[in-house]
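See below for the structure under consideration.
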There are 2 protein chains.
Amino acid sequence: MKGRTTLKDVAKIAGVSIGTASMAINHNPLVNEETRKKVLEIAAELEYVPNEIARRFQAQRTNTIAVVIPHTASHVFSHPYFNGIFLGITEVLEKYGMTLNISTSPAETDEQSAYQKILQNRAADGVIVASAAATDKNAFRFAQLGYPVVFIGDFLEEGITSVGVDDYAGAFEATEHLIKVHGFSRLAHISGPLEHSSARTRLDGLLEALQAHQLELLPSDLYEGDYSQEAGYVGMKRLIALDDPPRAVFIGNDLMSVGALQALGEAGLSAPKDVAIVSFDDVHLAQLTSPPLTTVRQPIKELGHSAAEILMERLTGDVDTGSWQRTTDGQHHKFETKLVVRRSCGCTGGDS
Amino acid sequence: MKGRTTLKDVAKIAGVSIGTASMAINHNPLVNEETRKKVLEIAAELEYVPNEIARRFQAQRTNTIAVVIPHTASHVFSHPYFNGIFLGITEVLEKYGMTLNISTSPAETDEQSAYQKILQNRAADGVIVASAAATDKNAFRFAQLGYPVVFIGDFLEEGITSVGVDDYAGAFEATEHLIKVHGFSRLAHISGPLEHSSARTRLDGLLEALQAHQLELLPSDLYEGDYSQEAGYVGMKRLIALDDPPRAVFIGNDLMSVGALQALGEAGLSAPKDVAIVSFDDVHLAQLTSPPLTTVRQPIKELGHSAAEILMERLTGDVDTGSWQRTTDGQHHKFETKLVVRRSCGCTGGDS
DNA sequence: CTGAAAGCGCTTACAG
DNA sequence: CTGAAAGCGCTTACAG
C-alpha cells in the first residue's frame with residue numbers, strides 16, 4: 001500500500017527507461033534478452049507488482065463483469081438458483097482472468113439501484129442481467145449505452161442477446177405428467193411473479209397442456225407467488241383452504257415447493273398422498289425434501305456458463321474487429337429442460 | 001464506451017477549467033453557486049458520467065473488498081455456509097458503496113491462486129479471508145504486505161484480526177446433549193478437515209465433553225471428512241459398517257449430515273431411530289431434511305457482517321488518522337453458538 | 001472563486 | 001533495440 005515500488009523504481013535501478021522496463025515486464029519481444037533479464041531480476045528483488053488500477057486506467061478496461069440482479073442481496077443469496085448462475089459465470093471468468101461483480105439492490109422495491117450502481121460507475125466491461133422482470137426497462141439501458149450485455153431469461157426484444165430455458169416445454173411436460181401418468185383432471189398452479197417472463201411462460205405451458213386435454217385452470221386454483229419459500233407456503237395454505245381443494249399442483253420453482261410442503265405438513269397433510277406436486281428447477285434442495293420433488297430440471301449452471309462465454313466472446317471479438325456491434329447481438333439461446341421424476345408427484349421412482 | 005463524454009468536454013462547453021468542473025461536480029463548496037449550476041446543467045445535458053476507473057486511479061483506491069476463499073468456485077457456491085457469509089458482507093458493503101470481489105481457486109489443491117489473484121492485482125482495498133486452513137501461510141502475506149485483512153474463523157496469531165464462533169462451546173453442548181438428554185455413552189464423530197481450526201476445535205469440544213463424563217472416542221468412531229455432503233455420506237457408510245456401529249454421531253456440519261442421512265436411508269436405517277445425529281451450522285437445509293436436524297447454530301450472516309464492518313472501520317479509520325496500524329488490529333471477536341433442538345437427535349421437539 | 005499545472009503509474013507510438 | 005514523450009481522465013494543491 002504505502003510506498004509501493006513502482007515501475008519507475010525498477011527502471012531507475014535497472015538503468016533503463018520506464019518504457020523499456022514496461023516492455024520487459026510484459027515480455028514484449030522487442031526488448032533485448034539481456035535487458036529483459038536484468039529488469040526482471042530487479043523487479044523480483046524489489047518485489048515489484050504492477051499497479052493494476054493504473055493498468056486498467058491506461059487500457060480503459062476494468063477486467064470486470066457485472067452481474068446485475070434487481071433483487072436484494074438477501075433474496076439473491078438465499079435462492080439456490082443464483083448460486084448455480086454464479087458458479088457457471090465464475091468458472092468461465094476464472095478462465096479469462098476476469099473478476100465478477102455482483103450488483104444487487106438495497107430494497108426489493110428499488111430495482112433501479114442494482115443497475116444504477118453499474119451505470120454510474122461504468123466499472124465493468126460487460127454486463128449480465130438475470131432475473132429481471134420482462135417489463136423492466138432499466139435493463140435495456142445497458143445495451144443502449146453500448147455495453148455488451150447478455151440477459152439470462154427470456155428477452156425477446158430486438159438486438160438483445162439472451163440465454164434461457166424452454167420454460168414452455170418444461171411446464172407443458174410437467175403438466176402432462178400429472179394428467180397422463182397420474183390421471184388428474186384438475187390442476188392448481190402456484191406461479192412465480194407474472195411480470196417475469198419465466199413465470200408467465202410456465203403458466204402458458206400449463207394452460208396449453210390443460211387445453212390439449214380439454215381441461216381448464218380455475219381462477220381460484222392459481223396463486224401468484226414470487227418464487228420464495230414463503231410464497232409457496234402461503235400459496236399452498238390458500239389452496240388447501242378452498243372448499244374443494246385441488247389434488248395436484250404444479251409449482252413454479254423448487255423453493256416454493258419447499259414452502260408448500262411445509263404448509264401441507266402443518267395441516268396434517270402430505271404429498272403425494274393428499275396433494276401431488278410437480279415443481280421446477282431441480283436445485284439441490286429438490287432431492288432433500290420429503291418426499292423428494294418431481295421437478296423440471298433446468299441447467300442453471302450452464303445458463304451462467306453460456307451467458308459468460310457469449311459475453312467474453314463479444315468482448316474479445318470486439319477487440320479483434322474494432323467494431324462494437326457485430327457477433328452474437330440479438331441471438332436467443334435456449335436450453336432444453338427435462339422432467340426429473342421423484343416422488344412428490346406420486347411416482348414411486350428412484351431418487352436420482 | 002467509445003467516445004464517452006469526459007470532464008474536459010463538459011468544462012469546455014461550460015466555459016470553465018477542468019479543475020473547476022471537477023469541483024463543481026463533486027459539490028465542492030469552494031465553487032460559486034452559479035458556476036456549479038451551469039456545469040451541472042451541461043453535464044446532465046451531455047449525460048456525463050465520471051470515469052470511475054480514472055477516479056480510482058487518482059485516489060489509488062479500488063472501492064473493492066476481496067473475499068478470499070481458498071476453495072473452488074464449485075465448492076464455494078454449493079456450500080450454503082458461504083451464502084450466509086456473502087450475504088452478511090454484501091449488506092455492509094452496500095452501505096459503504098463498496099464492491100465485493102469473490103476470489104476462489106481453480107482447483108481445490110491450488111489454494112494459492114485464490115490469494116495470488118488478489119496479491120497480483122492489488123485490486124482491492126482490503127481483504128476478508130474465509131475458510132482457510134490454520135496451516136495456511138498464504139493468508140498472512142496480506143497482513144505482511146500491509147493489507148487491511150480480517151479473517152473469518154479462528155486465527156489466533158499475533159496481530160491478526162478475526163471474527164469467529166465459539167466452536168468449542170458449541171461442540172461441547174452438542175455432545176452433552178447426546179450424553180445427558182439421550183443417555184448415550186458412546187459417540188462417533190464425522191469431522192471437518194482437521195487442518196481447519198473449526199474442525200479441530202469442534203473435535204476438541206467433543207473430546208472434552210466426553211471426558212467430562214468419563215467417556216472416550218474410539219479411534220474407529222472418528223471419520224475425518226471435508227465438510228462436503230459426499231464426505232458425510234462416506235463417513236456414515238463407514239460407521240454403520242463397523243461390527244458394532246455407534247448409535248449416536250456428532251457431525252461437523254449440516255451438509256455432511258445431509259449426506260449421512262442419505263447413507264442411512266440407503267442402508268434401510270433412519271435417524272434418530274437407529275442413529276441419533278447432532279450437527280453444526282443450522283443452515284437452511286437443516287430444517288428440510290427428514291428428520292430435521294438438531295444442530296448447533298452459528299450466526300453465519302453475522303460473521304460476514306461483522307468481518308466487513310471491522311474492515312470498513314479500519315479502512316475509513318486509516319483515512320482519518322493517516323496511520324495504518326491502529327484500531328482493531330489483532331482482535332478476536334467471537335460469537336456465541338446455540339443448540340437448536342429438532343428431531344434428528346431423538347427429541348420430539350418442534351421444528352423452529 | 002477560478003485557472004493552469006502537476007501528478008496518480010502505466011503503455012504505446014514515435015524517433016533515433 | 002531503447003529513450004523520451006504523450007496521454008489515459010481525473011483530483012488536488014498552488015497561484016492569483
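By convention in this document, the chains of the C-alpha cells carry letters A, B, ... by their order, each chain's residues are numbered from 1, and ligands are numbered from 1 in the order they are shown.
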
Tell me, which residues of region 91-326 of chain A carry DSSP alpha helix (DSSP H), written as a ChimeraX atom specification? /A:91-96,112-121,138-144,167-176,197-212,229-241,254-266,300-321

Contacts between chain D and chain A, please, where a residue of chain A counts if it comes within 8 Å (with only C-alpha atoms (C1' of nucleotides)); show its shortest atom pair and distance in Å to one decimal, rows by chain and ascending number, as a Markdown table.
```
| residue | atom | partner | partner_atom | distance |
| --- | --- | --- | --- | --- |
| A:Ser17 | CA | D:DG3 | C1' | 6.1 |
| A:Gly19 | CA | D:DG3 | C1' | 7.8 |
| A:Thr20 | CA | D:DT2 | C1' | 6.7 |
| A:Leu30 | CA | D:DC1 | C1' | 6.8 |
| A:Val31 | CA | D:DC1 | C1' | 6.1 |
| A:Asn32 | CA | D:DC1 | C1' | 6.3 |
| A:Phe57 | CA | D:DC8 | C1' | 6.3 |
| A:Gln58 | CA | D:DC8 | C1' | 4.9 |
| A:Ala59 | CA | D:DC8 | C1' | 7.4 |
| A:Gln60 | CA | D:DC8 | C1' | 7.3 |
```

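Closest approach to chain A among B:Ala286, B:Leu203, B:Ala276, B:Ala21: B:Ala286, based on only C-alpha atoms.
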
Using only C-alpha atoms, what does the table of chain B residues within 6 Å of chain A look like, with each row giving the shortest atom pair and its distance in Å to one decimal, sorted by chain and ascending number, as CSV?
```
residue,atom,partner,partner_atom,distance
B:Glu52,CA,A:Asn121,CA,5.2
B:Ile53,CA,A:Phe57,CA,5.6
B:Ala54,CA,A:Phe57,CA,5.7
B:Phe57,CA,A:Ile53,CA,5.6
B:Phe77,CA,A:Asn83,CA,5.5
B:Asn83,CA,A:Phe77,CA,5.5
B:Asn121,CA,A:Glu52,CA,5.2
B:Leu288,CA,A:Thr289,CA,5.8
B:Thr289,CA,A:Leu288,CA,5.8
```

Deliver the residues from the most recent selection as a file, using all heavy atoms, as a PDB file, in the first residue's frame.
```
ATOM      1  N   GLU B  52     -15.071   6.109 -13.613  1.00  0.00           N
ATOM      2  CA  GLU B  52     -14.743   5.577 -12.300  1.00  0.00           C
ATOM      3  C   GLU B  52     -13.323   5.018 -12.240  1.00  0.00           C
ATOM      4  O   GLU B  52     -12.660   5.086 -11.217  1.00  0.00           O
ATOM      5  CB  GLU B  52     -15.750   4.491 -11.918  1.00  0.00           C
ATOM      6  CG  GLU B  52     -15.615   3.957 -10.511  1.00  0.00           C
ATOM      7  CD  GLU B  52     -15.917   4.990  -9.440  1.00  0.00           C
ATOM      8  OE1 GLU B  52     -16.538   6.035  -9.758  1.00  0.00           O
ATOM      9  OE2 GLU B  52     -15.509   4.772  -8.282  1.00  0.00           O
ATOM     10  N   ILE B  53     -12.879   4.475 -13.327  1.00  0.00           N
ATOM     11  CA  ILE B  53     -11.532   3.897 -13.315  1.00  0.00           C
ATOM     12  C   ILE B  53     -10.503   4.995 -13.099  1.00  0.00           C
ATOM     13  O   ILE B  53      -9.541   4.834 -12.352  1.00  0.00           O
ATOM     14  CB  ILE B  53     -11.214   3.167 -14.632  1.00  0.00           C
ATOM     15  CG1 ILE B  53     -12.458   2.480 -15.180  1.00  0.00           C
ATOM     16  CG2 ILE B  53     -10.117   2.145 -14.412  1.00  0.00           C
ATOM     17  CD1 ILE B  53     -12.180   1.733 -16.461  1.00  0.00           C
ATOM     18  N   ALA B  54     -10.721   6.105 -13.755  1.00  0.00           N
ATOM     19  CA  ALA B  54      -9.801   7.226 -13.578  1.00  0.00           C
ATOM     20  C   ALA B  54      -9.819   7.707 -12.131  1.00  0.00           C
ATOM     21  O   ALA B  54      -8.788   7.996 -11.534  1.00  0.00           O
ATOM     22  CB  ALA B  54     -10.181   8.363 -14.515  1.00  0.00           C
ATOM     23  N   PHE B  57      -7.958   5.360  -9.975  1.00  0.00           N
ATOM     24  CA  PHE B  57      -6.540   5.502 -10.228  1.00  0.00           C
ATOM     25  C   PHE B  57      -6.007   6.715  -9.465  1.00  0.00           C
ATOM     26  O   PHE B  57      -5.007   6.644  -8.750  1.00  0.00           O
ATOM     27  CB  PHE B  57      -6.323   5.674 -11.722  1.00  0.00           C
ATOM     28  CG  PHE B  57      -4.920   6.017 -12.093  1.00  0.00           C
ATOM     29  CD1 PHE B  57      -3.871   5.199 -11.697  1.00  0.00           C
ATOM     30  CD2 PHE B  57      -4.650   7.148 -12.827  1.00  0.00           C
ATOM     31  CE1 PHE B  57      -2.574   5.509 -12.047  1.00  0.00           C
ATOM     32  CE2 PHE B  57      -3.355   7.462 -13.173  1.00  0.00           C
ATOM     33  CZ  PHE B  57      -2.317   6.652 -12.780  1.00  0.00           C
ATOM     34  N   PHE B  77     -19.806 -22.176  -4.048  1.00  0.00           N
ATOM     35  CA  PHE B  77     -21.192 -21.877  -4.382  1.00  0.00           C
ATOM     36  C   PHE B  77     -22.140 -23.019  -4.094  1.00  0.00           C
ATOM     37  O   PHE B  77     -23.337 -22.903  -4.319  1.00  0.00           O
ATOM     38  CB  PHE B  77     -21.309 -21.434  -5.840  1.00  0.00           C
ATOM     39  CG  PHE B  77     -20.745 -20.059  -6.062  1.00  0.00           C
ATOM     40  CD1 PHE B  77     -19.675 -19.864  -6.914  1.00  0.00           C
ATOM     41  CD2 PHE B  77     -21.271 -18.966  -5.396  1.00  0.00           C
ATOM     42  CE1 PHE B  77     -19.143 -18.596  -7.118  1.00  0.00           C
ATOM     43  CE2 PHE B  77     -20.750 -17.698  -5.579  1.00  0.00           C
ATOM     44  CZ  PHE B  77     -19.691 -17.507  -6.433  1.00  0.00           C
ATOM     45  N   ASN B  83     -22.923 -18.697   1.370  1.00  0.00           N
ATOM     46  CA  ASN B  83     -24.033 -17.802   1.058  1.00  0.00           C
ATOM     47  C   ASN B  83     -24.298 -16.847   2.193  1.00  0.00           C
ATOM     48  O   ASN B  83     -24.506 -15.664   1.983  1.00  0.00           O
ATOM     49  CB  ASN B  83     -25.300 -18.612   0.834  1.00  0.00           C
ATOM     50  CG  ASN B  83     -25.444 -18.982  -0.601  1.00  0.00           C
ATOM     51  OD1 ASN B  83     -25.583 -18.115  -1.429  1.00  0.00           O
ATOM     52  ND2 ASN B  83     -25.371 -20.256  -0.878  1.00  0.00           N
ATOM     53  N   ASN B 121      -2.888  -8.502  -8.249  1.00  0.00           N
ATOM     54  CA  ASN B 121      -3.579  -7.345  -8.801  1.00  0.00           C
ATOM     55  C   ASN B 121      -3.633  -6.168  -7.862  1.00  0.00           C
ATOM     56  O   ASN B 121      -3.768  -5.041  -8.281  1.00  0.00           O
ATOM     57  CB  ASN B 121      -5.008  -7.732  -9.183  1.00  0.00           C
ATOM     58  CG  ASN B 121      -5.013  -8.719 -10.322  1.00  0.00           C
ATOM     59  OD1 ASN B 121      -4.033  -8.837 -11.045  1.00  0.00           O
ATOM     60  ND2 ASN B 121      -6.104  -9.424 -10.487  1.00  0.00           N
ATOM     61  N   LEU B 288     -34.929 -28.892   6.494  1.00  0.00           N
ATOM     62  CA  LEU B 288     -35.615 -29.558   5.397  1.00  0.00           C
ATOM     63  C   LEU B 288     -35.390 -31.054   5.342  1.00  0.00           C
ATOM     64  O   LEU B 288     -36.141 -31.779   4.699  1.00  0.00           O
ATOM     65  CB  LEU B 288     -35.164 -28.950   4.067  1.00  0.00           C
ATOM     66  CG  LEU B 288     -35.441 -27.453   3.940  1.00  0.00           C
ATOM     67  CD1 LEU B 288     -34.899 -26.945   2.622  1.00  0.00           C
ATOM     68  CD2 LEU B 288     -36.934 -27.193   4.043  1.00  0.00           C
ATOM     69  N   THR B 289     -34.356 -31.506   5.983  1.00  0.00           N
ATOM     70  CA  THR B 289     -34.097 -32.934   5.946  1.00  0.00           C
ATOM     71  C   THR B 289     -35.168 -33.647   6.739  1.00  0.00           C
ATOM     72  O   THR B 289     -35.910 -33.048   7.510  1.00  0.00           O
ATOM     73  CB  THR B 289     -32.737 -33.228   6.604  1.00  0.00           C
ATOM     74  OG1 THR B 289     -32.715 -32.620   7.892  1.00  0.00           O
ATOM     75  CG2 THR B 289     -31.607 -32.662   5.778  1.00  0.00           C
TER      76      THR B 289
END
```

Any chance you could list, as an MDAnalysis selection string, the residues in region 223-308 of chain A that come up strand (DSSP E) when DSSP is run on the backbone? chainID A and resid 223:224 248:251 276:281 294:297
